[in-house]
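As stored in data-v8.pdb (PDB, C-alpha atoms):
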```pdb
ATOM      1  CA  MET A 101       0.000   0.000   0.000
ATOM      2  CA  ALA A 102       1.092   3.600  -0.355
ATOM      3  CA  GLU A 103       3.512   5.060   2.131
ATOM      4  CA  GLN A 104       2.470   8.209   3.867
ATOM      5  CA  THR A 105       4.259  10.117   6.549
ATOM      6  CA  GLY A 106       3.039  10.157  10.104
ATOM      7  CA  LYS A 107       4.289   9.484  13.567
ATOM      8  CA  HIS A 108       1.896   6.858  14.846
ATOM      9  CA  PHE A 109      -0.703   5.163  12.690
ATOM     10  CA  GLY A 110      -0.046   7.694   9.954
ATOM     11  CA  SER A 111       0.994   5.343   7.211
ATOM     12  CA  CYS A 112      -0.876   2.556   5.486
ATOM     13  CA  LYS A 113       1.745   0.063   6.573
ATOM     14  CA  GLU A 114       1.432   1.100  10.212
ATOM     15  CA  ILE A 115      -2.300   0.566  10.334
ATOM     16  CA  PHE A 116      -1.950  -2.695   8.406
ATOM     17  CA  ALA A 117      -0.742  -4.567  11.486
ATOM     18  CA  GLU A 118      -3.691  -3.314  13.550
ATOM     19  CA  LEU A 119      -6.595  -3.934  11.209
ATOM     20  CA  SER A 120      -7.954  -7.081  12.837
ATOM     21  CA  ALA A 121      -7.840  -5.474  16.262
ATOM     22  CA  TYR A 122      -9.579  -2.465  14.707
ATOM     23  CA  LEU A 123     -12.336  -4.638  13.208
ATOM     24  CA  ASP A 124     -12.718  -6.476  16.524
ATOM     25  CA  ALA A 125     -13.035  -3.132  18.375
ATOM     26  CA  ASP A 126     -10.088  -4.277  20.411
ATOM     27  CA  LEU A 127      -7.942  -1.128  20.279
ATOM     28  CA  PRO A 128      -7.631   1.703  22.783
ATOM     29  CA  PRO A 129      -9.904   4.609  21.802
ATOM     30  CA  ASP A 130      -7.032   6.871  20.734
ATOM     31  CA  ALA A 131      -5.526   4.241  18.432
ATOM     32  CA  CYS A 132      -8.950   3.524  16.999
ATOM     33  CA  GLN A 133      -9.476   7.205  16.341
ATOM     34  CA  GLU A 134      -6.122   7.496  14.571
ATOM     35  CA  ILE A 135      -7.071   4.641  12.262
ATOM     36  CA  ASP A 136     -10.460   6.234  11.621
ATOM     37  CA  GLU A 137      -8.680   9.452  10.690
ATOM     38  CA  HIS A 138      -6.305   7.630   8.387
ATOM     39  CA  LEU A 139      -9.163   5.794   6.712
ATOM     40  CA  SER A 140     -11.121   8.978   6.152
ATOM     41  CA  GLY A 141      -8.357  10.116   3.787
ATOM     42  CA  CYS A 142      -7.197   6.839   2.266
ATOM     43  CA  ALA A 143      -9.529   5.110  -0.181
ATOM     44  CA  PRO A 144      -7.200   2.141  -0.830
ATOM     45  CA  CYS A 145      -7.069   1.324   2.893
ATOM     46  CA  VAL A 146     -10.864   1.563   3.116
ATOM     47  CA  GLU A 147     -11.131  -0.885   0.245
ATOM     48  CA  PHE A 148      -8.705  -3.232   1.953
ATOM     49  CA  VAL A 149     -10.434  -3.004   5.344
ATOM     50  CA  ASN A 150     -13.751  -3.784   3.658
ATOM     51  CA  SER A 151     -12.310  -6.904   2.048
ATOM     52  CA  LEU A 152     -10.861  -8.011   5.382
ATOM     53  CA  ARG A 153     -14.214  -7.379   7.075
ATOM     54  CA  ARG A 154     -15.975  -9.515   4.462
ATOM     55  CA  THR A 155     -13.400 -12.249   5.035
ATOM     56  CA  VAL A 156     -14.220 -12.311   8.736
ATOM     57  CA  GLU A 157     -17.967 -12.345   7.973
ATOM     58  CA  LEU A 158     -17.493 -15.275   5.606
ATOM     59  CA  CYS A 159     -15.523 -17.196   8.222
ATOM     60  CA  ARG A 160     -18.275 -16.553  10.778
ATOM     61  CA  GLY A 161     -20.872 -17.904   8.367
ATOM     62  CA  TYR A 162     -18.718 -20.852   7.362
ATOM     63  CA  GLU A 163     -20.279 -24.274   7.315
ATOM     64  CA  ALA A 164     -18.376 -27.316   6.153
ATOM     65  CA  SER A 165     -19.488 -28.804   2.847
ATOM     66  CA  SER A 166     -19.348 -32.269   4.400
ATOM     67  CA  VAL A 167     -21.193 -33.346   7.506
ATOM     68  CA  PRO A 168     -20.482 -36.284   9.799
ATOM     69  CA  GLY A 169     -22.175 -39.601   9.066
ATOM     70  CA  PRO A 170     -25.211 -40.470  11.184
ATOM     71  CA  LEU A 171     -24.492 -41.260  14.807
ATOM     72  CA  THR A 172     -24.648 -45.043  15.126
ATOM     73  CA  GLN A 173     -26.543 -46.666  17.985
ATOM     74  CA  GLU A 174     -23.242 -48.081  19.186
ATOM     75  CA  ALA A 175     -21.538 -44.669  19.284
ATOM     76  CA  ARG A 176     -24.549 -43.096  20.993
ATOM     77  CA  GLY A 177     -24.602 -45.958  23.496
ATOM     78  CA  GLN A 178     -20.926 -45.366  24.365
ATOM     79  CA  LEU A 179     -21.606 -41.700  25.062
ATOM     80  CA  LEU A 180     -24.699 -42.439  27.107
ATOM     81  CA  VAL A 181     -22.849 -44.983  29.266
ATOM     82  CA  ALA A 182     -20.033 -42.482  29.862
ATOM     83  CA  PHE A 183     -22.573 -39.851  30.890
ATOM     84  CA  GLN A 184     -24.459 -42.185  33.237
ATOM     85  CA  GLN A 185     -21.247 -43.438  34.826
ATOM     86  CA  MET A 186     -20.099 -39.850  35.385
ATOM     87  CA  LEU A 187     -23.450 -39.035  37.031
ATOM     88  CA  ALA A 188     -23.289 -42.143  39.218
ATOM     89  CA  ALA A 189     -19.728 -41.309  40.331
ATOM     90  CA  LYS A 190     -20.770 -37.724  41.041
ATOM     91  CA  LYS A 191     -23.681 -38.857  43.223
ATOM     92  CA  GLY A 192     -21.633 -41.483  45.028
ATOM     93  CA  SER A 193     -18.677 -39.247  45.753
ATOM     94  CA  PRO A 194     -18.290 -37.116  48.856
ATOM     95  CA  PRO A 195     -19.394 -33.527  48.184
ATOM     96  CA  ASN A 196     -15.948 -31.992  48.556
ATOM     97  CA  ARG A 197     -14.039 -34.470  46.474
ATOM     98  CA  THR A 198     -10.936 -32.957  44.876
TER      99      THR A 198
ATOM    100  CA  MET B  32     -27.681 -16.154  16.048
ATOM    101  CA  ALA B  33     -24.303 -17.272  17.337
ATOM    102  CA  SER B  34     -24.965 -15.877  20.807
ATOM    103  CA  LEU B  35     -28.341 -17.626  20.912
ATOM    104  CA  GLU B  36     -26.640 -20.907  20.041
ATOM    105  CA  ARG B  37     -24.143 -20.349  22.812
ATOM    106  CA  GLU B  38     -26.871 -19.564  25.319
ATOM    107  CA  GLN B  39     -28.612 -22.796  24.367
ATOM    108  CA  GLU B  40     -25.375 -24.743  24.779
ATOM    109  CA  VAL B  41     -24.889 -23.292  28.237
ATOM    110  CA  GLU B  42     -28.437 -24.229  29.208
ATOM    111  CA  LEU B  43     -27.920 -27.758  27.888
ATOM    112  CA  ALA B  44     -24.656 -28.074  29.845
ATOM    113  CA  ARG B  45     -26.391 -26.911  33.034
ATOM    114  CA  ASP B  46     -29.190 -29.408  32.499
ATOM    115  CA  LEU B  47     -26.716 -32.232  31.906
ATOM    116  CA  LEU B  48     -24.800 -31.325  35.054
ATOM    117  CA  ALA B  49     -28.088 -31.478  36.932
ATOM    118  CA  GLY B  50     -28.489 -35.037  35.642
ATOM    119  CA  ASN B  51     -31.207 -34.319  33.084
ATOM    120  CA  LEU B  52     -31.063 -37.204  30.604
ATOM    121  CA  GLU B  53     -33.674 -35.636  28.360
ATOM    122  CA  VAL B  54     -31.210 -33.120  26.928
ATOM    123  CA  PHE B  55     -28.511 -35.712  26.212
ATOM    124  CA  ASP B  56     -29.314 -36.091  22.494
ATOM    125  CA  ARG B  57     -29.687 -32.353  21.959
ATOM    126  CA  PHE B  58     -26.306 -31.726  23.514
ATOM    127  CA  VAL B  59     -24.667 -34.395  21.338
ATOM    128  CA  GLU B  60     -26.347 -32.999  18.249
ATOM    129  CA  SER B  61     -25.367 -29.416  18.969
ATOM    130  CA  PHE B  62     -21.682 -30.262  19.304
ATOM    131  CA  ARG B  63     -21.171 -33.200  16.974
ATOM    132  CA  THR B  64     -21.335 -31.359  13.636
ATOM    133  CA  ARG B  65     -19.321 -28.468  15.064
ATOM    134  CA  LEU B  66     -16.617 -30.808  16.313
ATOM    135  CA  PHE B  67     -16.557 -32.671  13.012
ATOM    136  CA  GLN B  68     -16.144 -29.435  11.082
ATOM    137  CA  TYR B  69     -13.295 -28.269  13.322
ATOM    138  CA  SER B  70     -11.549 -31.648  13.288
ATOM    139  CA  LEU B  71     -11.874 -32.045   9.531
ATOM    140  CA  LEU B  72     -10.070 -28.758   8.977
ATOM    141  CA  MET B  73      -7.474 -29.507  11.642
ATOM    142  CA  CYS B  74      -6.786 -33.154  10.722
ATOM    143  CA  GLY B  75      -7.638 -33.087   7.021
ATOM    144  CA  GLN B  76      -9.100 -36.603   6.939
ATOM    145  CA  ARG B  77     -12.760 -37.459   7.198
ATOM    146  CA  GLU B  78     -12.165 -40.678   9.157
ATOM    147  CA  ASP B  79      -9.943 -38.813  11.619
ATOM    148  CA  ALA B  80     -12.572 -36.103  12.033
ATOM    149  CA  GLU B  81     -15.272 -38.703  12.766
ATOM    150  CA  GLU B  82     -13.027 -40.342  15.360
ATOM    151  CA  VAL B  83     -11.973 -37.059  16.953
ATOM    152  CA  SER B  84     -15.615 -35.957  17.279
ATOM    153  CA  GLN B  85     -16.588 -39.196  18.997
ATOM    154  CA  GLU B  86     -13.482 -39.296  21.233
ATOM    155  CA  THR B  87     -14.057 -35.688  22.234
ATOM    156  CA  LEU B  88     -17.694 -36.275  23.143
ATOM    157  CA  LEU B  89     -16.726 -39.375  25.086
ATOM    158  CA  LYS B  90     -14.214 -37.380  27.144
ATOM    159  CA  VAL B  91     -16.752 -34.593  27.564
ATOM    160  CA  PHE B  92     -19.269 -36.969  29.132
ATOM    161  CA  GLU B  93     -16.660 -38.787  31.206
ATOM    162  CA  ASN B  94     -15.392 -35.518  32.674
ATOM    163  CA  LEU B  95     -18.464 -33.325  32.664
ATOM    164  CA  ASP B  96     -18.405 -33.038  36.454
ATOM    165  CA  GLN B  97     -15.157 -31.102  36.055
ATOM    166  CA  LEU B  98     -16.855 -28.371  34.047
ATOM    167  CA  ARG B  99     -16.830 -25.611  36.648
ATOM    168  CA  GLU B 100     -18.224 -22.843  34.482
ATOM    169  CA  PRO B 101     -21.034 -24.014  32.174
ATOM    170  CA  GLU B 102     -20.992 -20.599  30.491
ATOM    171  CA  HIS B 103     -17.634 -21.610  28.996
ATOM    172  CA  VAL B 104     -18.779 -25.036  27.843
ATOM    173  CA  ARG B 105     -17.860 -24.353  24.217
ATOM    174  CA  SER B 106     -14.230 -23.491  24.956
ATOM    175  CA  TRP B 107     -14.034 -26.401  27.433
ATOM    176  CA  VAL B 108     -15.234 -28.823  24.731
ATOM    177  CA  PHE B 109     -12.869 -27.387  22.138
ATOM    178  CA  ARG B 110      -9.922 -27.678  24.464
ATOM    179  CA  ILE B 111     -10.626 -31.417  24.608
ATOM    180  CA  ALA B 112     -11.043 -31.484  20.814
ATOM    181  CA  LYS B 113      -7.757 -29.667  20.294
ATOM    182  CA  ASN B 114      -5.932 -32.313  22.324
ATOM    183  CA  ALA B 115      -7.713 -35.126  20.474
ATOM    184  CA  CYS B 116      -6.636 -33.563  17.154
ATOM    185  CA  LEU B 117      -3.039 -33.372  18.357
ATOM    186  CA  MET B 118      -3.108 -37.072  19.182
ATOM    187  CA  LYS B 119      -4.493 -37.819  15.745
ATOM    188  CA  ARG B 120      -2.137 -35.598  13.844
ATOM    189  CA  ARG B 121      -0.354 -37.564  11.219
ATOM    190  CA  LYS B 122       2.369 -35.054  10.546
ATOM    191  CA  SER B 123       5.515 -35.301  12.616
ATOM    192  CA  VAL B 124       5.473 -33.180  15.739
ATOM    193  CA  PHE B 125       8.969 -32.166  14.719
ATOM    194  CA  ALA B 126       7.797 -30.669  11.432
ATOM    195  CA  PRO B 127       8.888 -27.016  11.323
ATOM    196  CA  VAL B 128       6.154 -24.458  11.959
ATOM    197  CA  ARG B 129       5.674 -22.134   8.998
ATOM    198  CA  GLU B 130       5.429 -18.542  10.197
ATOM    199  CA  LEU B 131       3.380 -16.046   8.207
ATOM    200  CA  SER B 132       4.737 -12.510   7.982
ATOM    201  CA  LEU B 133       2.629  -9.405   7.496
ATOM    202  CA  ASP B 134       4.683  -8.333   4.490
ATOM    203  CA  GLU B 135       3.504 -11.207   2.352
ATOM    204  CA  PHE B 136      -0.057  -9.913   2.561
ATOM    205  CA  ILE B 137       0.427  -6.250   1.741
ATOM    206  CA  PRO B 138      -1.221  -5.756  -1.644
ATOM    207  CA  SER B 139       0.578  -3.792  -4.315
ATOM    208  CA  MET B 140      -0.617  -0.398  -5.435
ATOM    209  CA  ASP B 141      -1.331   0.647  -8.974
ATOM    210  CA  HIS B 142      -0.806   4.323  -9.865
ATOM    211  CA  HIS B 143      -2.620   5.411 -12.960
ATOM    212  CA  GLY B 144      -4.128   8.714 -13.936
ATOM    213  CA  GLY B 145      -2.844  10.226 -10.689
ATOM    214  CA  GLU B 146      -5.111   7.898  -8.709
ATOM    215  CA  ARG B 147      -3.832   5.282  -6.266
ATOM    216  CA  LYS B 148      -5.604   1.992  -6.637
ATOM    217  CA  LEU B 149      -5.080  -1.314  -4.896
ATOM    218  CA  GLU B 150      -4.492  -4.317  -7.074
ATOM    219  CA  ILE B 151      -7.208  -6.340  -5.410
ATOM    220  CA  ALA B 152     -10.431  -7.888  -6.697
ATOM    221  CA  ASP B 153     -13.842  -6.254  -6.676
ATOM    222  CA  TRP B 154     -15.206  -7.541  -3.372
ATOM    223  CA  SER B 155     -18.618  -6.040  -3.976
ATOM    224  CA  ALA B 156     -19.219  -9.047  -6.263
ATOM    225  CA  LEU B 157     -19.186 -11.387  -3.270
ATOM    226  CA  PRO B 158     -22.477 -13.070  -2.428
ATOM    227  CA  ASP B 159     -23.862 -12.541   1.067
ATOM    228  CA  ALA B 160     -22.730 -14.944   3.750
ATOM    229  CA  GLN B 161     -26.242 -16.382   3.995
ATOM    230  CA  ALA B 162     -26.340 -17.148   0.330
ATOM    231  CA  LEU B 163     -22.758 -18.317   0.120
ATOM    232  CA  ARG B 164     -22.405 -20.192  -3.085
ATOM    233  CA  SER B 165     -20.895 -23.632  -2.870
ATOM    234  CA  GLU B 166     -17.935 -22.652  -5.026
ATOM    235  CA  LEU B 167     -16.972 -19.815  -2.732
ATOM    236  CA  ARG B 168     -17.489 -22.064   0.285
ATOM    237  CA  ASN B 169     -15.047 -24.552  -1.191
ATOM    238  CA  VAL B 170     -12.489 -21.804  -1.798
ATOM    239  CA  LEU B 171     -12.897 -20.639   1.786
ATOM    240  CA  GLN B 172     -12.582 -24.194   3.088
ATOM    241  CA  GLU B 173      -9.407 -24.694   1.054
ATOM    242  CA  ALA B 174      -7.964 -21.373   2.217
ATOM    243  CA  ILE B 175      -8.553 -22.276   5.858
ATOM    244  CA  SER B 176      -7.264 -25.830   5.560
ATOM    245  CA  GLU B 177      -4.075 -24.635   3.856
ATOM    246  CA  LEU B 178      -3.168 -22.342   6.759
ATOM    247  CA  PRO B 179      -0.228 -23.453   8.895
ATOM    248  CA  GLU B 180      -1.638 -25.209  11.930
ATOM    249  CA  ILE B 181      -0.893 -22.532  14.535
ATOM    250  CA  TYR B 182      -2.846 -19.979  12.501
ATOM    251  CA  LYS B 183      -5.628 -22.318  11.472
ATOM    252  CA  SER B 184      -6.447 -23.282  15.058
ATOM    253  CA  VAL B 185      -6.755 -19.622  16.067
ATOM    254  CA  LEU B 186      -8.939 -18.690  13.101
ATOM    255  CA  LEU B 187     -11.239 -21.673  13.657
ATOM    256  CA  LEU B 188     -11.704 -20.909  17.340
ATOM    257  CA  ARG B 189     -12.028 -17.132  17.039
ATOM    258  CA  ASP B 190     -13.887 -16.608  13.770
ATOM    259  CA  VAL B 191     -15.662 -19.883  13.028
ATOM    260  CA  GLU B 192     -16.502 -20.943  16.601
ATOM    261  CA  GLU B 193     -16.618 -17.323  17.774
ATOM    262  CA  LEU B 194     -14.762 -17.875  21.025
ATOM    263  CA  SER B 195     -13.415 -14.749  22.709
ATOM    264  CA  THR B 196      -9.694 -13.948  22.583
ATOM    265  CA  GLU B 197      -9.422 -14.994  26.230
ATOM    266  CA  GLU B 198     -11.188 -18.314  25.620
ATOM    267  CA  ALA B 199      -9.093 -19.100  22.525
ATOM    268  CA  ALA B 200      -5.917 -18.316  24.488
ATOM    269  CA  GLN B 201      -7.001 -20.757  27.197
ATOM    270  CA  VAL B 202      -7.835 -23.501  24.704
ATOM    271  CA  LEU B 203      -4.494 -23.133  22.946
ATOM    272  CA  ASP B 204      -2.311 -22.446  26.002
ATOM    273  CA  VAL B 205      -0.925 -19.232  24.536
ATOM    274  CA  SER B 206      -1.171 -15.573  25.521
ATOM    275  CA  GLU B 207      -3.971 -13.328  24.294
ATOM    276  CA  ASP B 208      -1.410 -11.288  22.347
ATOM    277  CA  VAL B 209      -0.319 -14.402  20.497
ATOM    278  CA  VAL B 210      -3.950 -15.154  19.638
ATOM    279  CA  LYS B 211      -4.403 -11.636  18.266
ATOM    280  CA  THR B 212      -1.212 -11.714  16.198
ATOM    281  CA  ARG B 213      -1.946 -15.140  14.730
ATOM    282  CA  LEU B 214      -5.573 -14.282  14.053
ATOM    283  CA  HIS B 215      -4.614 -11.225  12.027
ATOM    284  CA  ARG B 216      -2.140 -13.168   9.890
ATOM    285  CA  ALA B 217      -4.625 -15.995   9.412
ATOM    286  CA  ARG B 218      -7.329 -13.584   8.274
ATOM    287  CA  LEU B 219      -4.915 -11.867   5.898
ATOM    288  CA  ALA B 220      -3.920 -15.197   4.380
ATOM    289  CA  VAL B 221      -7.541 -16.242   3.883
ATOM    290  CA  ARG B 222      -8.388 -12.807   2.485
ATOM    291  CA  GLN B 223      -5.569 -13.139  -0.025
ATOM    292  CA  LYS B 224      -6.802 -16.546  -1.215
ATOM    293  CA  LEU B 225     -10.348 -15.256  -1.620
ATOM    294  CA  ASP B 226      -8.981 -12.242  -3.459
ATOM    295  CA  GLN B 227      -7.112 -14.443  -5.925
ATOM    296  CA  TYR B 228     -10.279 -16.447  -6.526
ATOM    297  CA  LEU B 229     -12.378 -13.329  -7.065
ATOM    298  CA  LYS B 230      -9.875 -11.856  -9.526
ATOM    299  CA  VAL B 231     -10.022 -14.969 -11.697
ATOM    300  CA  ARG B 232     -13.794 -15.206 -11.406
ATOM    301  CA  VAL B 233     -14.419 -11.586 -12.366
ATOM    302  CA  ASN B 234     -12.085 -11.761 -15.370
TER     303      ASN B 234
END
```
Would you mind writing the file out in structure tokens?
Amino acid sequence: MAEQTGKHFGSCKEIFAELSAYLDADLPPDACQEIDEHLSGCAPCVEFVNSLRRTVELCRGYEASSVPGPLTQEARGQLLVAFQQMLAAKKGSPPNRT
Amino acid sequence: MASLEREQEVELARDLLAGNLEVFDRFVESFRTRLFQYSLLMCGQREDAEEVSQETLLKVFENLDQLREPEHVRSWVFRIAKNACLMKRRKSVFAPVRELSLDEFIPSMDHHGGERKLEIADWSALPDAQALRSELRNVLQEAISELPEIYKSVLLLRDVEELSTEEAAQVLDVSEDVVKTRLHRARLAVRQKLDQYLKVRVN
């Protein structure tokens, strides 16, 4: 991206490292404001931030194209036994077991 | 939507801890596909992902009484899944970790007619997440699965499973700063792959 002068988040490259934190609203207010100011005068960075934002949105909406096979009775039975044994041990154990 | 799902998971975990057998199947159902999806991207093999999902759920039920904070059930389950994936990993544990640097993701700039323009695709052509076409979904899946493991695990936990930075750090046994740094590089790498796909598609 283009190089601009600036002492903190003045240049495109300087804000580049902070863009995920910026999108996650995970920056201190002053740093966030500096990036906002940079973006207000830098169309290429706005375009880039938008593409990164869409990437995050796509990841959040991601669903695998393949799903697991149906849960067999045997597999379900294993899980159920484990659950019931855990419950039985919990009931049978002294309340302050470590 | 995601927060509603998480609230339901927490309720299910509370009910299970109280010994309510009626929610057993709902709990299994709500985690099984999720665990399969995560394991498939982490392990790369369908059979491994099936096994990891089942082994994880088995450990979850065996150790459920150790879940101290039901509100963190998702990160607790994924911590177990992460360990199950590590056991299943076919690659050598001594394989070098590929580090991603920020510089490889800085797009180049085109100067023409006095205007600065990024050499990136037209992202306005992307379909909405809800209507994600299968082709784009496959590109996204490939982009995620190609990430070096340390980045992939962070992206899956933070962006796909929507764990907080703190939760992801706990699952992965790393600091929150490490999670943030890896997440940014992972997102940039995925963005770059999607960008390459969009450029070809538009032309």
In terms of the shortest atom-to-atom distance over all atoms listed in the file, which of B:Leu89, B:Ile181, B:Leu229, B:Ile175 is closest to chain A?
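The shortest atom-to-atom distance to chain A comes from B:Leu89.
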Within 8 Å of (-8.6, -15.4, 9.3), in the coordinates the file gives, what residues turn up when you count all atoms listed in the file, written out as a PDB file with C-alpha atoms, in the frame of the given file?
```
ATOM      1  CA  THR A 155     -13.400 -12.249   5.035  1.00  0.00           C
ATOM      2  CA  VAL A 156     -14.220 -12.311   8.736  1.00  0.00           C
ATOM      3  CA  CYS A 159     -15.523 -17.196   8.222  1.00  0.00           C
TER       4      CYS A 159
ATOM      5  CA  ILE B 175      -8.553 -22.276   5.858  1.00  0.00           C
ATOM      6  CA  LYS B 183      -5.628 -22.318  11.472  1.00  0.00           C
ATOM      7  CA  LEU B 186      -8.939 -18.690  13.101  1.00  0.00           C
ATOM      8  CA  ASP B 190     -13.887 -16.608  13.770  1.00  0.00           C
ATOM      9  CA  LEU B 214      -5.573 -14.282  14.053  1.00  0.00           C
ATOM     10  CA  HIS B 215      -4.614 -11.225  12.027  1.00  0.00           C
ATOM     11  CA  ARG B 216      -2.140 -13.168   9.890  1.00  0.00           C
ATOM     12  CA  ALA B 217      -4.625 -15.995   9.412  1.00  0.00           C
ATOM     13  CA  ARG B 218      -7.329 -13.584   8.274  1.00  0.00           C
ATOM     14  CA  LEU B 219      -4.915 -11.867   5.898  1.00  0.00           C
ATOM     15  CA  ALA B 220      -3.920 -15.197   4.380  1.00  0.00           C
ATOM     16  CA  VAL B 221      -7.541 -16.242   3.883  1.00  0.00           C
ATOM     17  CA  ARG B 222      -8.388 -12.807   2.485  1.00  0.00           C
TER      18      ARG B 222
END
```
How many Å separate CA of Val108 in chain B from CA of Gln85 in chain B?
11.9 Å
Find the residues near Glu102 in chain B: any atom within 12 Å, counting only C-alpha atoms, skip ones fewer than 6 places away on the same chain, and give them as a list in words.
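Returned residues: Ser34, Glu36, Arg37, Glu38, Gln39, Glu40, Val41, Glu42, Leu43, Ala44, Arg45, Val108, Leu194 and Glu198 of chain B.
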For chain B, the closest of A:Cys112, A:Ala125, A:Ala164, A:Ala188 counting all atoms listed in the file is A:Ala164
Residues of chain B that approach chain A to 8 Å or less, counting all atoms listed in the file: could you list each one with the shortest pair of atoms and its distance in Å to one decimal, rows by chain and increasing residue number, as a Markdown table?
```
| residue | atom | partner | partner_atom | distance |
| --- | --- | --- | --- | --- |
| B:Gly50 | CA | A:Leu187 | CA | 6.6 |
| B:Phe55 | CA | A:Leu180 | CA | 7.8 |
| B:Arg63 | CA | A:Pro168 | CA | 7.8 |
| B:Thr64 | CA | A:Pro168 | CA | 6.3 |
| B:Phe67 | CA | A:Pro168 | CA | 6.2 |
| B:Gln68 | CA | A:Ala164 | CA | 5.8 |
| B:Glu81 | CA | A:Pro168 | CA | 6.5 |
| B:Gln85 | CA | A:Ala175 | CA | 7.4 |
| B:Leu88 | CA | A:Leu179 | CA | 7.0 |
| B:Leu89 | CA | A:Leu179 | CA | 5.4 |
| B:Phe92 | CA | A:Phe183 | CA | 4.7 |
| B:Glu93 | CA | A:Ala182 | CA | 5.2 |
| B:Asn94 | CA | A:Met186 | CA | 6.9 |
| B:Leu95 | CA | A:Met186 | CA | 7.3 |
| B:Asp96 | CA | A:Lys190 | CA | 7.0 |
| B:Leu133 | CA | A:Ala117 | CA | 7.1 |
| B:Ile137 | CA | A:Met101 | CA | 6.5 |
| B:Pro138 | CA | A:Met101 | CA | 6.1 |
| B:Ser139 | CA | A:Met101 | CA | 5.8 |
| B:Met140 | CA | A:Met101 | CA | 5.5 |
| B:Arg147 | CA | A:Pro144 | CA | 7.1 |
| B:Lys148 | CA | A:Pro144 | CA | 6.0 |
| B:Leu149 | CA | A:Pro144 | CA | 5.7 |
| B:Trp154 | CA | A:Ser151 | CA | 6.2 |
| B:Ala160 | CA | A:Leu158 | CA | 5.6 |
| B:Gln161 | CA | A:Gly161 | CA | 7.1 |
| B:Ser165 | CA | A:Ser165 | CA | 7.8 |
| B:Arg168 | CA | A:Tyr162 | CA | 7.3 |
| B:Asn169 | CA | A:Ser165 | CA | 7.4 |
| B:Leu171 | CA | A:Cys159 | CA | 7.8 |
| B:Gln172 | CA | A:Ala164 | CA | 7.3 |
| B:Asp190 | CA | A:Arg160 | CA | 5.3 |
| B:Val191 | CA | A:Arg160 | CA | 4.8 |
| B:Glu192 | CA | A:Arg160 | CA | 7.5 |
| B:Glu193 | CA | A:Arg160 | CA | 7.2 |
| B:Lys211 | CA | A:Ala121 | CA | 7.3 |
| B:Leu214 | CA | A:Ser120 | CA | 7.7 |
| B:His215 | CA | A:Ser120 | CA | 5.4 |
| B:Arg218 | CA | A:Thr155 | CA | 7.0 |
| B:Leu219 | CA | A:Leu152 | CA | 7.1 |
| B:Val221 | CA | A:Thr155 | CA | 7.2 |
| B:Arg222 | CA | A:Thr155 | CA | 5.7 |
| B:Leu225 | CA | A:Thr155 | CA | 7.9 |
```
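Here CA of Leu167 in chain B is placed at a distance of 12.3 Å from CA of Val231 in chain B.
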